[in-house]
$ cat structure_28.tsv   # TSV, C-alpha atoms
chain	number	residue	atom	x	y	z
U	13	MET	CA	101.10	110.35	117.92
U	14	SER	CA	101.45	108.99	121.41
U	15	LYS	CA	100.95	105.48	122.72
U	16	VAL	CA	97.37	104.45	123.38
U	17	ASP	CA	96.64	101.60	125.78
U	18	VAL	CA	94.57	98.67	124.57
U	19	PRO	CA	93.88	95.42	126.45
U	20	GLY	CA	97.14	93.50	126.64
U	21	GLY	CA	99.38	96.20	125.19
U	22	TRP	CA	99.63	99.54	123.46
U	23	VAL	CA	99.41	100.96	119.96
U	24	VAL	CA	100.64	104.06	118.12
U	25	PHE	CA	98.48	105.33	115.27
U	26	ASN	CA	99.44	107.11	112.06
U	27	ASP	CA	97.91	110.51	111.43
U	28	PRO	CA	94.96	109.54	109.16
U	29	LYS	CA	95.61	112.53	106.87
U	30	LEU	CA	99.19	111.34	106.29
U	31	VAL	CA	98.48	107.67	105.51
U	32	SER	CA	100.04	106.61	102.21
U	33	GLU	CA	97.86	105.99	99.19
U	34	ARG	CA	99.13	102.38	99.16
U	35	ALA	CA	97.60	101.87	102.62
U	36	ARG	CA	94.47	103.86	101.84
U	37	ARG	CA	93.39	102.05	98.66
U	38	PRO	CA	92.45	98.77	100.40
U	39	VAL	CA	90.27	100.83	102.75
U	40	VAL	CA	88.49	102.53	99.83
U	41	LYS	CA	87.97	99.20	98.05
U	42	ALA	CA	86.65	97.54	101.22
U	43	SER	CA	84.39	100.55	101.81
U	44	MET	CA	82.83	100.22	98.36
U	45	LEU	CA	82.16	96.52	98.90
U	46	LEU	CA	80.73	97.29	102.33
U	47	SER	CA	78.34	99.91	100.96
U	48	SER	CA	76.62	97.21	98.89
U	49	THR	CA	76.33	95.14	102.07
U	50	PHE	CA	74.48	97.96	103.84
U	51	LYS	CA	72.06	98.24	100.92
U	52	SER	CA	71.25	94.53	101.13
U	53	THR	CA	70.77	94.53	104.91
U	54	ALA	CA	68.84	97.82	105.09
U	55	ASP	CA	65.56	96.00	104.49
U	56	GLY	CA	65.93	94.03	107.71
U	57	VAL	CA	67.58	91.02	106.09
U	58	ASP	CA	70.07	89.32	108.39
U	59	PRO	CA	73.65	89.73	107.19
U	60	SER	CA	75.11	86.75	105.40
U	61	GLU	CA	78.53	85.25	106.03
U	62	ARG	CA	79.76	87.19	102.98
U	63	ASP	CA	78.40	90.44	104.46
U	64	ILE	CA	80.20	89.77	107.73
U	65	ASP	CA	83.41	88.99	105.83
U	66	GLN	CA	83.12	92.34	104.03
U	67	MET	CA	82.64	94.17	107.33
U	68	ASP	CA	85.67	92.40	108.77
U	69	ALA	CA	87.72	93.24	105.66
U	70	PHE	CA	86.84	96.92	106.00
U	71	ASN	CA	87.67	97.00	109.72
U	72	ASP	CA	90.96	95.19	109.12
U	73	ALA	CA	91.95	97.53	106.28
U	74	VAL	CA	91.26	100.60	108.43
U	75	ILE	CA	93.24	99.23	111.36
U	76	LEU	CA	96.18	98.22	109.15
U	77	ALA	CA	96.25	101.65	107.50
U	78	LEU	CA	96.23	103.49	110.81
U	79	VAL	CA	98.44	101.39	113.11
U	80	LYS	CA	102.02	102.60	113.04
U	81	GLU	CA	103.37	100.30	115.75
U	82	TRP	CA	102.18	98.14	118.62
U	83	SER	CA	103.52	96.16	121.54
U	84	PHE	CA	102.15	92.80	120.43
U	85	ASP	CA	104.49	90.03	119.27
U	86	ALA	CA	102.52	89.63	116.04
U	87	GLU	CA	103.55	91.54	112.92
U	88	ILE	CA	101.27	94.41	111.88
U	89	SER	CA	99.53	92.50	109.11
U	90	HIS	CA	96.25	90.78	108.38
U	91	GLU	CA	97.58	87.59	109.98
U	92	GLY	CA	98.86	89.60	112.95
U	93	LEU	CA	95.39	91.06	113.51
U	94	LEU	CA	93.95	87.55	113.64
U	95	ASP	CA	96.46	86.63	116.35
U	96	LEU	CA	95.52	89.55	118.63
U	97	PRO	CA	93.42	88.93	121.73
U	98	GLY	CA	89.76	89.62	120.94
U	99	ALA	CA	89.57	92.47	123.44
U	100	ALA	CA	92.59	94.18	121.85
U	101	TYR	CA	91.10	93.85	118.36
U	102	ASP	CA	87.76	95.23	119.59
U	103	ALA	CA	89.54	98.19	121.21
U	104	LEU	CA	91.42	98.90	117.97
U	105	ARG	CA	88.15	98.93	116.04
U	106	GLN	CA	86.66	101.42	118.50
U	107	LYS	CA	89.72	103.67	118.47
U	108	VAL	CA	90.05	103.88	114.67
U	109	GLY	CA	86.34	104.51	114.10
U	110	PRO	CA	86.54	108.29	114.61
U	111	MET	CA	89.58	108.47	112.31
U	112	VAL	CA	87.91	106.91	109.25
U	113	THR	CA	86.53	110.20	107.92
U	114	ASP	CA	90.00	111.77	107.80
U	115	LEU	CA	91.42	108.63	106.21
U	116	MET	CA	88.98	108.43	103.30
U	117	PRO	CA	89.56	110.48	100.14
U	118	SER	CA	87.04	113.11	99.12
U	119	PHE	CA	85.17	112.31	95.91
U	120	THR	CA	83.36	115.65	95.67
U	121	ALA	CA	83.99	118.05	92.82
U	122	ASP	CA	86.07	121.08	93.72
U	123	PRO	CA	85.03	123.75	91.23
U	124	GLU	CA	87.56	126.37	90.27
U	125	PRO	CA	86.13	129.85	90.89
U	126	ASP	CA	87.57	131.20	87.59
U	127	SER	CA	86.37	128.24	85.48
U	128	PRO	CA	83.97	129.22	82.66
U	129	THR	CA	82.24	125.80	82.90
U	130	VAL	CA	80.63	123.87	85.70
U	131	PRO	CA	82.32	120.55	86.61
U	132	SER	CA	80.38	117.47	85.48
U	133	GLY	CA	80.17	116.25	89.11
U	134	ALA	CA	78.46	119.40	90.35

$ encode --input "structure_28.tsv" --output "structure tokens"
Amino acid sequence: MSKVDVPGGWVVFNDPKLVSERARRPVVKASMLLSSTFKSTADGVDPSERDIDQMDAFNDAVILALVKEWSFDAEISHEGLLDLPGAAYDALRQKVGPMVTDLMPSFTADPEPDSPTVPSGA
């Protein structure tokens, strides 16, 4: 993929469909924790500090899975994300948002047309 400008530098993203399973698993785990956060805040309850931490953890995991390289002095790591300028971090969050669907695994059953039984997930 080509370089994408963000405030203060540039970034190159991995193809979300080619991200390694090692990089994808923290995203899936953070997504599961985040889904419980949405259930608790759906009734109009203000998010707690823990809820905000879970949202941050999900965003960080997605960014770390998708960033291949960047021009910032910081290493591409959780600590490196925390050292980015706020505007650069915000831009990364916006740019990876549309890629999340292609990054996440599919948990739907894929029935075999010749199978004599129906999958339990169907």

$ atom_distance --input "structure_28.tsv" --atom1 "atom CA of U:Asp17" --atom2 "atom CA of U:His90"
20.5 Å

$ closest_residue --input "structure_28.tsv" --among "U:Val79, U:Ile64, U:Ala103, U:Ala42" --to "U:Asn26" --atoms "only C-alpha atoms"
U:Val79

$ closest_residue --input "structure_28.tsv" --among "U:Ser43, U:Gly21, U:Ser14, U:Arg62" --to "U:Ala99" --atoms "only C-alpha atoms"
U:Gly21

$ closest_residue --input "structure_28.tsv" --among "U:Pro19, U:Pro117, U:Leu93, U:Leu104" --to "U:Lys41" --atoms "all atoms listed in the file"
U:Pro117

$ atom_distance --input "structure_28.tsv" --atom1 "atom CA of U:Met116" --atom2 "atom CA of U:Pro28"
8.4 Å

$ residues_near_point --input "structure_28.tsv" --point "(93.8, 104.3, 99.8)" --cutoff "12 Å" --atoms "all atoms listed in the file" --output "list in words"
Pro28, Lys29, Leu30, Val31, Ser32, Glu33, Arg34, Ala35, Arg36, Arg37, Pro38, Val39, Val40, Lys41, Ala42, Ser43, Met44, Phe70, Ala73, Val74, Leu76, Ala77, Leu78, Val112, Asp114, Leu115, Met116, Pro117 and Ser118 of chain U

$ atom_distance --input "structure_28.tsv" --atom1 "atom CA of U:Ala86" --atom2 "atom CA of U:Phe25"
16.2 Å
